[in-house]
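Below you'll find the structure, written out as structure tokens, and then a few comments.
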Amino acid sequence: MVTPGDKKEIISRLQKDILQWEGFVPPGAGAAKGVGLGPVEAAFPNGVFPTGVIHEMLCPTREQQAATSGLLGGLLTVLMRNGGPCLWISKDRRLFPPAMDGFNVEPDKVIFIDAGNEKEVLWAMEEALKCEGLAAVVAELREISFAQSRRLQLAVESSRVTGFLLRNDLRKLNTTTCVARWQVRPLPSVLEDGMPGVGYPRWQVDLLRVRNGSPGSWQLEWATDGFIVIEESAAATNDLETRQVG
Amino acid sequence: MKKRYISLWFRHLLTDWFTLRQPELKDVPFILVAPEHNRIIITAANSLAEKQGVTAGMAAADAKAVIPDLKTIDDIPGKAAKLLKGLGEWCIRYTPLIAVDLPDGLVMDISGCAHLWGGEHAYLKEIITRLRSKGYDVRGAMADTAGAAWAIARFGHDKPIIEPGVHTEALLNLPPAALRLEPLILDRLKKLGFYTIKSFIGIKRSALRRRFGNDFLLRLDQALGTEDEPLQLLHPVTPYHERLPCLEPICTATGIELAIKTLLGNVCKRLQSEGKGLRVAILRCYRVDGGVVGADIGTNRPSHHIAHLFKLFELKIPTIEPALGIELFTLEAAKVEDISPEQEALWSLENSGLSDNNLVELLDKLANKIGTNNIRRYLPQESYWPERSIKPARSLAEKAATTWRTGRPRPSLLLKKPEKIDVTALLPDNPPMLFIYKGKKHIIKKADDAERIEPEWWRHKRLHRDYYVVEDEQGQRYWLFRSGHYEDEESQWYLHGFFA
């Protein structure tokens, strides 16, 4: 006779096994450093921001591209802590390297690859993901088929490099093997009462899809050396802003 | 191994030789002459004649007016080269790598030779005294680069041996002629008041290139050691060249792969034993129909790693068209450099960085498909003008000379060309209230004070820019600027970037 308690235990054990088979290794004692995203990390399986996988980020407009590069900058800081360089592959690059300095990333450790077409972006990304020792690979893409995303997935599985796909055409969205789909949108910055000017960058970060995790939505702010998660109550005061001009 | 060079300068090469042949000339001023444009021109003068003001290049008649009992001898064309070759052959006892440096010198690559003669000092002294005892008036100098040794031998004042690593300092006080420049460039330098190397060494490369051309920079780099200087050796080392004839014409990709692997295997074996690596390799395939097709690869760092080099060639195989078949493959290592022995990093993941071998091999692969110019890394540059605040790094090893500016915020995305926008602004110096970009209205809720960036007047004449960081009602942050003063007719608003 199987009691309900036993059943629960069996299910949770099976879930853990499935996670392991899918490549989510529970973090070792030393590895649990996190990327400073706080509660956002809890949305992922085992409560750890997955590295060595591919994340997909949606940024249809330039404003969202800028916001996404901000969030990426914050993540890259942590990923590049071991000294590994980062590759940024794109067809039509607008990223301004000095800005990365504001997110504590050494801009001269980012290598930019200007590919001629989408096919070359994909090829370069796959080759780069195979290369151990890179901290991260970022690629700006319009389209990627399921089969292509699988090739990338196979590449990262052996090298454990983290990949980020910036998708700038929402009409071309499809199923991919990426573990998470993000969307980052700019939010009005908030300064202390009565202070004029523009404050720290603040974003609406949506996790639209997480494999084996729970999607959610958060408000984040980047304050000189780390992310700050804005509580809902504080965020509500945003509506009461007035025109503040320096 | 650290490179060391000796440059020898035979000050009176031809006249010394004549004196050796005819000892009675020893105490007589004499000159060598050759006809040129219907005039008899002096090609060389011995030291006695030179003491009285007769130099090469003068007309013989003028010299005779100066020294009435001047003896003239007909010059033998091509004698200098022959003599130098003979002297070079004799010097092979000191080092195997000797090059003739026309018109009056020898260059010797003495890396790793000096200790056999008991140190650099004894080595140089031995060479000089032996040559002097043979009757040649010779000066020599030793330095890290052939160019620096040349300069010190001819223009140096104090010591002839420049210690490793300080040749740049030794060059600073020498005249520009020490850089082996064309007379035209020397004239121009003199006109501009550059009397020593130190007066122009700090000038920006682009400015120097514009005024004096590429050759000038090449000579400067060769003297400083940043550019490799190939020597035309008397006994050249056999080039890295491999041939693979085929019994049957080859027309399949697999066959070509096998051929490339075999050739690479042979070349790399030799490179490895000599501690060298390949930078550029050229593959040529001679076809049955007489056509020649080929492929070439380049690497970022010298390499003799067969698997890596083969991967680079593998990308090019589809472009090789065998037609009726290929009967001969040749592989040439066109550029070969010394490999610094890599120590296997123990914690390769912890401190890899930009010097990581995997990364270099990856970049080679990307560069061969996408093009070297499309792979960039940026370093900060001392400029406030946003477009000029970064510069592409020249190599993977180059470090930032200045820090990244952290004063004022810079946008995450910067448009290559600022885009015009329509703006409503209240007062001359207030940030705009709203702007229209691509037909969309953005009402500005927050803004920072203006940051004025003046154009670099020595570069181009432009209007200054007043930059504003603004945020619209949706929280989207932009970098706008107004070029020129508010009341100017030319003043115009632009959008230049997007903030995170």
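FYI, nothing fancy with the structure tokens labels: chains A, B, ... in order, residues from 1 per chain, ligands from 1 as they appear.
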Taking only C-alpha atoms into account, find every residue of chain A that has an atom no more than 6 Å from chain B, and write it out as a list in words.
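Result, ordered by chain then number: Ala66, Ala67, Gly70, Asn82, Gly83, Gly84, Pro85, Arg94, Leu95, Phe96, Ala99, Asp108, Ile111, Phe112, Ile113, Asp114, Gly133, Pro186, Leu187, Pro188, Gly197, Val198, Arg243, Gln244, Val245 and Gly246 of chain A.
The residues of segment 170-260 of chain B that DSSP classifies as strand (DSSP E or B), using the backbone of this structure, are Leu233, His241, Glu242, Arg243, Leu244, Pro245, Cys246, Leu247, Glu248, Pro249 and Ile250 of chain B.
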Could you please take those selected residues and save N, CA and C atoms as a compact mmCIF listing (two decimals), in the first residue's frame?
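Below is the file that was written, out31.txt:
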# COMPACT_ATOMS: atom_id res chain seq x y z
N LEU B 233 69.48 36.79 -46.45
CA LEU B 233 70.63 36.07 -45.92
C LEU B 233 71.55 35.59 -47.03
N HIS B 241 58.42 24.94 -47.53
CA HIS B 241 57.70 24.67 -48.76
C HIS B 241 57.60 23.16 -48.91
N GLU B 242 56.41 22.67 -49.12
CA GLU B 242 56.24 21.22 -49.26
C GLU B 242 55.48 20.93 -50.54
N ARG B 243 55.88 19.83 -51.20
CA ARG B 243 55.21 19.42 -52.43
C ARG B 243 54.60 18.05 -52.23
N LEU B 244 53.48 17.83 -52.89
CA LEU B 244 52.87 16.50 -52.82
C LEU B 244 52.35 16.15 -54.22
N PRO B 245 53.17 15.46 -55.01
CA PRO B 245 52.67 15.03 -56.32
C PRO B 245 51.75 13.82 -56.14
N CYS B 246 50.77 13.70 -57.02
CA CYS B 246 49.83 12.60 -56.88
C CYS B 246 49.97 11.65 -58.08
N LEU B 247 49.82 10.38 -57.82
CA LEU B 247 49.90 9.40 -58.91
C LEU B 247 48.70 9.56 -59.84
N GLU B 248 47.53 9.66 -59.24
CA GLU B 248 46.30 9.83 -60.02
C GLU B 248 45.78 11.22 -59.74
N PRO B 249 45.22 11.89 -60.73
CA PRO B 249 44.62 13.20 -60.45
C PRO B 249 43.53 13.08 -59.40
N ILE B 250 43.50 14.06 -58.51
CA ILE B 250 42.54 14.00 -57.40
C ILE B 250 41.40 14.96 -57.68
Give the helix (DSSP H, G or I) residues of segment 83-171 of chain A, as assigned by DSSP on the backbone, as an MDAnalysis selection string. chainID A and resid 97:102 107:109 118:129 146:159 170:171
Deliver the residues from the most recent selection as a file, using C-alpha atoms, as a PDB file, in the first residue's frame.
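Wrote part.pdb, looks like this:
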ATOM      1  CA  PRO A  97      31.391  49.805 -25.725  1.00  0.00           C
ATOM      2  CA  PRO A  98      31.991  52.593 -23.144  1.00  0.00           C
ATOM      3  CA  ALA A  99      28.467  52.026 -21.832  1.00  0.00           C
ATOM      4  CA  MET A 100      29.455  48.533 -20.713  1.00  0.00           C
ATOM      5  CA  ASP A 101      31.841  50.180 -18.283  1.00  0.00           C
ATOM      6  CA  GLY A 102      28.803  51.520 -16.440  1.00  0.00           C
ATOM      7  CA  PRO A 107      34.660  46.909 -22.550  1.00  0.00           C
ATOM      8  CA  ASP A 108      38.008  45.834 -23.966  1.00  0.00           C
ATOM      9  CA  LYS A 109      37.229  42.239 -23.037  1.00  0.00           C
ATOM     10  CA  GLU A 118      22.115  36.019 -40.577  1.00  0.00           C
ATOM     11  CA  LYS A 119      23.664  32.762 -41.685  1.00  0.00           C
ATOM     12  CA  GLU A 120      27.114  33.941 -40.690  1.00  0.00           C
ATOM     13  CA  VAL A 121      25.809  35.122 -37.324  1.00  0.00           C
ATOM     14  CA  LEU A 122      24.470  31.645 -36.634  1.00  0.00           C
ATOM     15  CA  TRP A 123      27.626  29.951 -37.836  1.00  0.00           C
ATOM     16  CA  ALA A 124      29.842  32.236 -35.771  1.00  0.00           C
ATOM     17  CA  MET A 125      27.630  31.723 -32.732  1.00  0.00           C
ATOM     18  CA  GLU A 126      27.833  27.958 -33.030  1.00  0.00           C
ATOM     19  CA  GLU A 127      31.602  28.026 -33.440  1.00  0.00           C
ATOM     20  CA  ALA A 128      31.951  30.411 -30.515  1.00  0.00           C
ATOM     21  CA  LEU A 129      29.734  28.332 -28.266  1.00  0.00           C
ATOM     22  CA  PHE A 146      14.170  24.803 -33.996  1.00  0.00           C
ATOM     23  CA  ALA A 147      16.832  22.651 -35.634  1.00  0.00           C
ATOM     24  CA  GLN A 148      19.331  25.508 -35.556  1.00  0.00           C
ATOM     25  CA  SER A 149      18.658  26.205 -31.900  1.00  0.00           C
ATOM     26  CA  ARG A 150      19.242  22.530 -31.221  1.00  0.00           C
ATOM     27  CA  ARG A 151      22.677  22.721 -32.786  1.00  0.00           C
ATOM     28  CA  LEU A 152      23.497  25.609 -30.464  1.00  0.00           C
ATOM     29  CA  GLN A 153      22.186  23.627 -27.524  1.00  0.00           C
ATOM     30  CA  LEU A 154      24.447  20.700 -28.419  1.00  0.00           C
ATOM     31  CA  ALA A 155      27.402  23.068 -28.630  1.00  0.00           C
ATOM     32  CA  VAL A 156      26.863  24.526 -25.158  1.00  0.00           C
ATOM     33  CA  GLU A 157      26.260  21.147 -23.588  1.00  0.00           C
ATOM     34  CA  SER A 158      29.877  20.158 -24.051  1.00  0.00           C
ATOM     35  CA  SER A 159      31.539  23.535 -23.559  1.00  0.00           C
ATOM     36  CA  LEU A 170       8.784  39.299 -32.681  1.00  0.00           C
ATOM     37  CA  ARG A 171       6.907  38.078 -35.753  1.00  0.00           C
TER      38      ARG A 171
END
| request: Find the spatial neighbours of Leu166 of chain A, counting only C-alpha atoms, within a cut-off of 9 Å - ignore same-chain residues fewer than 3 positions away - and output them as a list in words. | output: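 So, after excluding close chain neighbours, the residues are His55, Glu56, Met57, Leu58, Cys59, Gln65, Thr68, Val138, Ala139, Glu140, Leu141 and Arg142 of chain A.
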Dump as a compact mmCIF listing (two decimals), in the first residue's frame, selection limited to C-alpha atoms:
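Result file result19.txt:
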# COMPACT_ATOMS: atom_id res chain seq x y z
CA HIS A 55 18.83 32.37 -23.05
CA GLU A 56 16.58 34.14 -25.46
CA MET A 57 15.81 37.82 -25.07
CA LEU A 58 13.19 39.69 -27.01
CA CYS A 59 13.95 43.24 -27.99
CA GLN A 65 17.48 46.70 -27.11
CA THR A 68 18.24 44.47 -22.68
CA VAL A 138 25.79 37.18 -27.41
CA ALA A 139 24.22 37.14 -30.85
CA GLU A 140 21.67 39.45 -32.39
CA LEU A 141 19.35 37.48 -34.61
CA ARG A 142 16.04 37.83 -36.38
To one decimal in Å, tell me the separation between atom CA of Glu89 of chain B and atom CA of Val107 of chain B.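 Computing the Euclidean distance for atom CA of Glu89 of chain B and atom CA of Val107 of chain B yields 12.2 Å.
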**Request:** Just the residues within 9 Å of Thr224 of chain A, please, counting only C-alpha atoms, with nothing from its chain fewer than 4 positions along; format it as JSON, numbers by chain.
**Result:** {"A": [102, 103, 104, 200]}
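Between atom CA of Asn266 of chain B and atom CA of Pro239 of chain B there is a distance of 12.9 Å.
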Correct to one decimal, the distance atom CA of Trp493 of chain B-atom CA of Tyr384 of chain B is 19.1 Å
